[in-house]
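Okay, protein-v5.pdb now, which holds PDB, C-alpha atoms (C1' of nucleotides):
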```pdb
ATOM      1  CA  MET Y   1     150.293 -33.947 -92.394
ATOM      2  CA  ARG Y   2     152.278 -31.186 -90.800
ATOM      3  CA  ARG Y   3     155.075 -32.295 -88.526
ATOM      4  CA  GLY Y   4     153.784 -35.834 -88.611
ATOM      5  CA  LYS Y   5     156.023 -36.761 -91.489
ATOM      6  CA  ASP Y   6     158.599 -38.081 -89.054
ATOM      7  CA  LEU Y   7     155.819 -39.668 -86.995
ATOM      8  CA  PRO Y   8     152.996 -40.630 -89.318
ATOM      9  CA  ILE Y   9     149.527 -41.637 -88.179
ATOM     10  CA  PHE Y  10     148.154 -44.973 -89.313
ATOM     11  CA  ASN Y  11     144.514 -45.952 -89.410
ATOM     12  CA  ARG Y  12     142.402 -49.052 -89.685
ATOM     13  CA  LEU Y  13     139.613 -47.540 -91.717
ATOM     14  CA  GLN Y  14     139.768 -49.990 -94.571
ATOM     15  CA  VAL Y  15     139.735 -53.032 -92.311
ATOM     16  CA  LEU Y  16     137.017 -51.752 -90.017
ATOM     17  CA  ARG Y  17     134.886 -50.855 -92.989
ATOM     18  CA  ALA Y  18     135.358 -54.292 -94.499
ATOM     19  CA  GLU Y  19     134.509 -55.982 -91.220
ATOM     20  CA  ARG Y  20     131.149 -54.285 -90.998
ATOM     21  CA  GLY Y  21     130.405 -54.439 -94.698
ATOM     22  CA  LEU Y  22     130.377 -50.677 -94.989
ATOM     23  CA  THR Y  23     131.009 -49.072 -98.337
ATOM     24  CA  ARG Y  24     132.996 -45.874 -98.575
ATOM     25  CA  ALA Y  25     129.886 -43.955 -99.479
ATOM     26  CA  ALA Y  26     128.013 -45.454 -96.526
ATOM     27  CA  LEU Y  27     130.692 -44.499 -94.041
ATOM     28  CA  ALA Y  28     130.991 -41.099 -95.659
ATOM     29  CA  GLU Y  29     127.290 -40.523 -95.191
ATOM     30  CA  ALA Y  30     127.395 -41.722 -91.605
ATOM     31  CA  VAL Y  31     130.058 -39.191 -90.673
ATOM     32  CA  GLU Y  32     128.755 -36.517 -93.063
ATOM     33  CA  VAL Y  33     131.709 -36.126 -95.410
ATOM     34  CA  ASN Y  34     132.321 -36.897 -99.070
ATOM     35  CA  PRO Y  35     133.330 -40.396-100.134
ATOM     36  CA  GLN Y  36     136.526 -38.978-101.597
ATOM     37  CA  THR Y  37     137.484 -37.736 -98.167
ATOM     38  CA  ILE Y  38     137.225 -41.286 -96.822
ATOM     39  CA  GLY Y  39     139.357 -42.426 -99.714
ATOM     40  CA  ALA Y  40     141.961 -39.781 -99.019
ATOM     41  CA  LEU Y  41     142.142 -40.847 -95.389
ATOM     42  CA  GLU Y  42     142.448 -44.536 -96.218
ATOM     43  CA  ARG Y  43     145.266 -44.035 -98.650
ATOM     44  CA  GLY Y  44     146.971 -41.620 -96.249
ATOM     45  CA  ASP Y  45     146.670 -38.498 -98.368
ATOM     46  CA  HIS Y  46     146.035 -36.499 -95.229
ATOM     47  CA  TYR Y  47     144.941 -36.782 -91.633
ATOM     48  CA  PRO Y  48     141.444 -36.175 -90.336
ATOM     49  CA  SER Y  49     140.524 -33.341 -88.041
ATOM     50  CA  LEU Y  50     139.880 -34.331 -84.462
ATOM     51  CA  ASP Y  51     136.230 -33.625 -85.092
ATOM     52  CA  LEU Y  52     136.058 -36.051 -87.986
ATOM     53  CA  ALA Y  53     138.130 -38.620 -86.112
ATOM     54  CA  PHE Y  54     135.613 -38.531 -83.268
ATOM     55  CA  ARG Y  55     132.683 -38.978 -85.628
ATOM     56  CA  ILE Y  56     134.368 -41.959 -87.263
ATOM     57  CA  CYS Y  57     135.159 -43.591 -83.935
ATOM     58  CA  GLU Y  58     131.576 -43.092 -82.875
ATOM     59  CA  VAL Y  59     130.355 -45.015 -85.913
ATOM     60  CA  PHE Y  60     132.597 -47.966 -85.087
ATOM     61  CA  GLY Y  61     132.012 -47.692 -81.350
ATOM     62  CA  LEU Y  62     135.738 -47.689 -80.704
ATOM     63  CA  PRO Y  63     138.170 -45.413 -78.864
ATOM     64  CA  VAL Y  64     140.373 -43.170 -80.959
ATOM     65  CA  GLU Y  65     143.470 -45.247 -80.321
ATOM     66  CA  ALA Y  66     141.779 -48.311 -81.787
ATOM     67  CA  VAL Y  67     141.227 -46.614 -85.127
ATOM     68  CA  PHE Y  68     144.155 -44.210 -85.381
ATOM     69  CA  SER Y  69     147.642 -44.884 -84.085
ATOM     70  CA  ARG Y  70     151.196 -43.669 -84.287
ATOM     71  CA  ASN Y  71     152.652 -47.105 -84.913
ATOM     72  CA  PRO Y  72     151.470 -49.443 -87.663
ATOM     73  CA  PHE Y  73     148.654 -51.802 -86.785
ATOM     74  CA  THR Y  74     149.205 -55.495 -86.477
ATOM     75  CA  PRO Y  75     146.474 -57.359 -88.353
ATOM     76  CA  LEU Y  76     143.458 -57.991 -86.160
ATOM     77  CA  SER Y  77     143.475 -61.587 -87.311
ATOM     78  CA  THR Y  78     146.888 -62.409 -85.902
ATOM     79  CA  GLN Y  79     146.147 -60.313 -82.856
ATOM     80  CA  VAL Y  80     143.156 -62.509 -82.068
ATOM     81  CA  TYR Y  81     144.345 -65.930 -83.200
ATOM     82  CA  GLY Y  82     148.066 -65.450 -82.785
ATOM     83  CA  SER Y  83     150.836 -65.837 -85.321
ATOM     84  CA  ARG Y  84     151.943 -69.201 -86.669
ATOM     85  CA  GLN Y  85     155.598 -68.267 -86.126
ATOM     86  CA  GLU Y  86     155.433 -67.224 -82.521
ATOM     87  CA  GLY Y  87     155.641 -70.674 -80.938
ATOM     88  CA  THR Y  88     157.963 -72.262 -83.520
ATOM     89  CA  GLU Y  89     156.805 -75.466 -81.867
TER      90      GLU Y  89
ATOM     91  CA  MET N   1     134.940 -26.404 -86.087
ATOM     92  CA  ARG N   2     133.087 -27.660 -89.104
ATOM     93  CA  ARG N   3     130.026 -29.705 -88.357
ATOM     94  CA  GLY N   4     130.931 -29.868 -84.700
ATOM     95  CA  LYS N   5     128.921 -26.811 -83.857
ATOM     96  CA  ASP N   6     125.984 -28.968 -82.851
ATOM     97  CA  LEU N   7     128.369 -31.360 -81.077
ATOM     98  CA  PRO N   8     131.300 -29.340 -79.771
ATOM     99  CA  ILE N   9     134.531 -30.828 -78.512
ATOM    100  CA  PHE N  10     135.678 -29.901 -75.018
ATOM    101  CA  ASN N  11     139.203 -30.186 -73.711
ATOM    102  CA  ARG N  12     141.028 -30.168 -70.413
ATOM    103  CA  LEU N  13     144.130 -28.396 -71.611
ATOM    104  CA  GLN N  14     144.028 -25.613 -69.078
ATOM    105  CA  VAL N  15     143.534 -27.940 -66.119
ATOM    106  CA  LEU N  16     146.137 -30.458 -67.212
ATOM    107  CA  ARG N  17     148.617 -27.701 -67.802
ATOM    108  CA  ALA N  18     147.973 -26.217 -64.373
ATOM    109  CA  GLU N  19     148.312 -29.626 -62.720
ATOM    110  CA  ARG N  20     151.794 -30.125 -64.091
ATOM    111  CA  GLY N  21     152.865 -26.525 -63.739
ATOM    112  CA  LEU N  22     153.300 -26.147 -67.460
ATOM    113  CA  THR N  23     153.147 -22.710 -69.000
ATOM    114  CA  ARG N  24     151.523 -22.199 -72.362
ATOM    115  CA  ALA N  25     154.874 -21.556 -73.927
ATOM    116  CA  ALA N  26     156.291 -24.716 -72.369
ATOM    117  CA  LEU N  27     153.489 -26.901 -73.659
ATOM    118  CA  ALA N  28     153.693 -25.166 -77.014
ATOM    119  CA  GLU N  29     157.370 -25.989 -77.252
ATOM    120  CA  ALA N  30     156.790 -29.591 -76.193
ATOM    121  CA  VAL N  31     154.320 -30.178 -79.009
ATOM    122  CA  GLU N  32     156.103 -27.873 -81.431
ATOM    123  CA  VAL N  33     153.454 -25.228 -82.017
ATOM    124  CA  ASN N  34     153.149 -21.546 -81.188
ATOM    125  CA  PRO N  35     151.894 -20.464 -77.757
ATOM    126  CA  GLN N  36     149.007 -18.646 -79.414
ATOM    127  CA  THR N  37     147.849 -21.922 -80.891
ATOM    128  CA  ILE N  38     147.602 -23.392 -77.391
ATOM    129  CA  GLY N  39     145.658 -20.331 -76.345
ATOM    130  CA  ALA N  40     143.272 -20.697 -79.257
ATOM    131  CA  LEU N  41     142.628 -24.318 -78.369
ATOM    132  CA  GLU N  42     142.049 -23.573 -74.689
ATOM    133  CA  ARG N  43     139.532 -20.872 -75.373
ATOM    134  CA  GLY N  44     137.831 -23.030 -77.992
ATOM    135  CA  ASP N  45     138.632 -20.882 -80.995
ATOM    136  CA  HIS N  46     139.098 -24.022 -83.039
ATOM    137  CA  TYR N  47     139.818 -27.713 -82.804
ATOM    138  CA  PRO N  48     143.247 -29.289 -83.146
ATOM    139  CA  SER N  49     144.247 -31.596 -85.939
ATOM    140  CA  LEU N  50     144.448 -35.252 -84.991
ATOM    141  CA  ASP N  51     148.192 -34.982 -85.335
ATOM    142  CA  LEU N  52     148.397 -32.159 -82.804
ATOM    143  CA  ALA N  53     145.920 -33.882 -80.493
ATOM    144  CA  PHE N  54     148.151 -36.964 -80.448
ATOM    145  CA  ARG N  55     151.235 -34.920 -79.641
ATOM    146  CA  ILE N  56     149.437 -33.197 -76.790
ATOM    147  CA  CYS N  57     148.177 -36.468 -75.342
ATOM    148  CA  GLU N  58     151.680 -37.868 -75.543
ATOM    149  CA  VAL N  59     152.988 -35.013 -73.409
ATOM    150  CA  PHE N  60     150.407 -35.687 -70.713
ATOM    151  CA  GLY N  61     150.664 -39.442 -71.052
ATOM    152  CA  LEU N  62     146.913 -39.725 -71.434
ATOM    153  CA  PRO N  63     144.543 -41.260 -73.990
ATOM    154  CA  VAL N  64     142.783 -38.916 -76.345
ATOM    155  CA  GLU N  65     139.448 -39.298 -74.599
ATOM    156  CA  ALA N  66     140.975 -38.070 -71.332
ATOM    157  CA  VAL N  67     142.000 -34.771 -72.874
ATOM    158  CA  PHE N  68     139.346 -34.179 -75.542
ATOM    159  CA  SER N  69     135.715 -35.162 -75.230
ATOM    160  CA  ARG N  70     132.325 -34.574 -76.774
ATOM    161  CA  ASN N  71     130.609 -33.895 -73.464
ATOM    162  CA  PRO N  72     131.814 -31.335 -70.926
ATOM    163  CA  PHE N  73     134.310 -32.537 -68.367
ATOM    164  CA  THR N  74     133.381 -32.881 -64.737
ATOM    165  CA  PRO N  75     136.096 -31.321 -62.566
ATOM    166  CA  LEU N  76     138.808 -33.823 -61.748
ATOM    167  CA  SER N  77     138.590 -32.750 -58.112
ATOM    168  CA  THR N  78     134.979 -33.825 -57.642
ATOM    169  CA  GLN N  79     135.604 -36.882 -59.769
ATOM    170  CA  VAL N  80     138.284 -38.015 -57.332
ATOM    171  CA  TYR N  81     136.923 -36.843 -53.992
ATOM    172  CA  GLY N  82     133.231 -36.832 -54.786
ATOM    173  CA  SER N  83     130.743 -33.995 -54.493
ATOM    174  CA  ARG N  84     129.578 -32.614 -51.160
ATOM    175  CA  GLN N  85     125.942 -32.679 -52.291
ATOM    176  CA  GLU N  86     125.735 -36.269 -53.313
ATOM    177  CA  GLY N  87     125.222 -37.778 -49.873
ATOM    178  CA  THR N  88     123.068 -34.969 -48.395
ATOM    179  CA  GLU N  89     123.891 -36.733 -45.130
TER     180      GLU N  89
ATOM    181  C1'  DA H   1     158.933   2.569 -60.250
ATOM    182  C1'  DC H   2     160.594  -0.666 -63.352
ATOM    183  C1'  DG H   3     161.235  -4.950 -65.836
ATOM    184  C1'  DA H   4     160.173  -9.778 -66.577
ATOM    185  C1'  DA H   5     156.940 -13.443 -67.088
ATOM    186  C1'  DG H   6     152.525 -15.276 -67.942
ATOM    187  C1'  DC H   7     148.052 -14.727 -69.811
ATOM    188  C1'  DG H   8     144.439 -13.139 -73.279
ATOM    189  C1'  DT H   9     143.493 -11.446 -77.695
ATOM    190  C1'  DT H  10     143.730  -9.545 -82.483
ATOM    191  C1'  DG H  11     144.839  -9.501 -87.640
ATOM    192  C1'  DC H  12     146.834 -11.278 -91.577
ATOM    193  C1'  DA H  13     149.467 -14.936 -94.285
ATOM    194  C1'  DA H  14     150.522 -19.893 -95.066
ATOM    195  C1'  DA H  15     149.430 -24.661 -94.838
ATOM    196  C1'  DA H  16     146.432 -28.466 -94.307
ATOM    197  C1'  DA H  17     141.860 -30.489 -94.458
ATOM    198  C1'  DC H  18     137.696 -30.884 -96.889
ATOM    199  C1'  DC H  19     134.177 -30.300-100.833
ATOM    200  C1'  DC H  20     132.817 -31.211-105.516
ATOM    201  C1'  DA H  21     132.761 -32.857-110.194
ATOM    202  C1'  DA H  22     134.716 -35.894-113.060
ATOM    203  C1'  DC H  23     137.134 -39.795-115.125
ATOM    204  C1'  DG H  24     138.972 -44.652-115.607
ATOM    205  C1'  DA H  25     139.236 -49.606-113.870
ATOM    206  C1'  DC H  26     137.296 -53.624-112.143
ATOM    207  C1'  DA H  27     133.763 -57.010-110.727
ATOM    208  C1'  DC H  28     128.997 -58.510-110.914
ATOM    209  C1'  DG H  29     124.360 -59.458-112.635
ATOM    210  C1'  DT H  30     121.096 -59.598-116.525
TER     211       DT H  30
ATOM    212  C1'  DA I   1     127.079 -56.332-124.477
ATOM    213  C1'  DC I   2     125.254 -53.270-121.163
ATOM    214  C1'  DG I   3     124.275 -51.048-116.840
ATOM    215  C1'  DT I   4     125.297 -50.754-111.901
ATOM    216  C1'  DG I   5     128.168 -50.393-107.979
ATOM    217  C1'  DT I   6     132.483 -49.827-105.708
ATOM    218  C1'  DC I   7     136.926 -48.386-105.780
ATOM    219  C1'  DG I   8     140.987 -45.285-106.953
ATOM    220  C1'  DT I   9     142.522 -40.954-108.371
ATOM    221  C1'  DT I  10     142.915 -36.168-110.143
ATOM    222  C1'  DG I  11     142.283 -30.977-110.336
ATOM    223  C1'  DG I  12     140.515 -26.765-108.636
ATOM    224  C1'  DG I  13     137.968 -24.437-105.107
ATOM    225  C1'  DT I  14     136.435 -23.312-100.049
ATOM    226  C1'  DT I  15     137.004 -23.701 -95.083
ATOM    227  C1'  DT I  16     139.714 -24.528 -91.017
ATOM    228  C1'  DT I  17     143.834 -24.844 -88.612
ATOM    229  C1'  DT I  18     148.418 -23.036 -87.708
ATOM    230  C1'  DG I  19     152.251 -19.558 -87.823
ATOM    231  C1'  DC I  20     153.719 -15.096 -86.700
ATOM    232  C1'  DA I  21     153.977 -10.358 -84.952
ATOM    233  C1'  DA I  22     151.999  -7.332 -82.087
ATOM    234  C1'  DC I  23     149.504  -5.143 -78.207
ATOM    235  C1'  DG I  24     147.289  -4.697 -73.472
ATOM    236  C1'  DC I  25     146.635  -6.649 -68.814
ATOM    237  C1'  DT I  26     148.037  -8.603 -64.457
ATOM    238  C1'  DT I  27     151.382 -10.424 -60.940
ATOM    239  C1'  DC I  28     155.697 -10.835 -58.935
ATOM    240  C1'  DG I  29     160.349  -9.600 -57.654
ATOM    241  C1'  DT I  30     163.785  -6.047 -56.974
TER     242       DT I  30
END
```
Go ahead and render the structure in this file as structure tokens.
Amino acid sequence: MRRGKDLPIFNRLQVLRAERGLTRAALAEAVEVNPQTIGALERGDHYPSLDLAFRICEVFGLPVEAVFSRNPFTPLSTQVYGSRQEGTE
Amino acid sequence: MRRGKDLPIFNRLQVLRAERGLTRAALAEAVEVNPQTIGALERGDHYPSLDLAFRICEVFGLPVEAVFSRNPFTPLSTQVYGSRQEGTE
DNA sequence: ACGAAGCGTTGCAAAAACCCAACGACACGT
DNA sequence: ACGTGTCGTTGGGTTTTTGCAACGCTTCGT
């Protein structure tokens, strides 16, 4: 978390894991790290290495930008179905 | 370079820098690291943090996968103009 | 010939990421 | 009530990335 304190990095790990019914331990095993490391990433304790980020993205079959991003993620749900407020109809 | 020794990560830093006429020091300043760090990345001494990778990609205006990849990059030149051998015409 | 600029590389110190063991909290099934 | 599983978190250690200073090499301009 070096100079990224002015520009943090967000991630969708928790959501993606929930979507696929993956437990922390399961994801940890899939990317060959400890479950605590997954926990630390989810709660933002620190950032992953590029190596680990790639392994994680490979598990989910997603590009890096879909899992990690500089600006906070909008919920996938509203992104797919739209927000109730947007039309104000 | 932890577990990535079986699956290394390649990067196009040198080429991208040359394309835009950026010196090591210039790129280093743009992403706020030391020039030696750029050198270490280019020669594969170690991998960048995700934070640094993002800053680099921002400078080039490219997605992460365009700068860092798990399989070696084909030269941009042949990728754009094609290889002489392919037709064998 | 000289200096400046860029590259390539080394060695050591600091910071960040990661490992590992352990504990408590909560939900669930029996 | 008890065990199991998942989560959340902590503390102390190892590994990797980064910072920093320094040196040698080449090219270019003067």
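The set of residues that the PyMOL selection byres ((chain I) within 9 of (chain N)) takes from this file is DT15, DT16, DT17, DT18, DG19 and DC20 of chain I.
Every protein, DNA or RNA residue with an atom at most 8 Å from range 57-65 of chain Y, where all atoms listed in the file count and chain neighbours fewer than 3 positions away do not, is listed here: Leu16, Ala30, Val31, Ala53, Phe54, Phe68 and Ser69 of chain Y; Pro63, Val64 and Glu65 of chain N.
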Explicit residues for the PyMOL selection byres ((chain I and resi 23) around 12) (as an mmCIF file with C-alpha atoms (C1' of nucleotides), in the coordinates of the input):
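expr.cif was written with the following content:
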```cif
data_model
loop_
_atom_site.group_PDB
_atom_site.id
_atom_site.type_symbol
_atom_site.label_atom_id
_atom_site.label_comp_id
_atom_site.auth_asym_id
_atom_site.auth_seq_id
_atom_site.Cartn_x
_atom_site.Cartn_y
_atom_site.Cartn_z
ATOM 1 C "C1'" DG H 8 144.439 -13.139 -73.279
ATOM 2 C "C1'" DT H 9 143.493 -11.446 -77.695
ATOM 3 C "C1'" DT H 10 143.730 -9.545 -82.483
ATOM 4 C "C1'" DG H 11 144.839 -9.501 -87.640
ATOM 5 C "C1'" DA I 21 153.977 -10.358 -84.952
ATOM 6 C "C1'" DA I 22 151.999 -7.332 -82.087
ATOM 7 C "C1'" DG I 24 147.289 -4.697 -73.472
ATOM 8 C "C1'" DC I 25 146.635 -6.649 -68.814
#
```
Length of the CA of Phe73 in chain Y to C1' of DC26 in chain H vector [Å]: 27.8 Å
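The residues of chain H lying at most 9 Å from chain N, with only C-alpha atoms (C1' of nucleotides) taken into account, are DG6, DC7, DG8 and DA17 of chain H.
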Output of the above residues as a PDB file, in the coordinates of the input, restricted to C-alpha atoms (C1' of nucleotides):
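Just written: result01.pdb:
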```pdb
ATOM      1  C1'  DG H   6     152.525 -15.276 -67.942  1.00  0.00           C
ATOM      2  C1'  DC H   7     148.052 -14.727 -69.811  1.00  0.00           C
ATOM      3  C1'  DG H   8     144.439 -13.139 -73.279  1.00  0.00           C
ATOM      4  C1'  DA H  17     141.860 -30.489 -94.458  1.00  0.00           C
TER       5       DA H  17
END
```
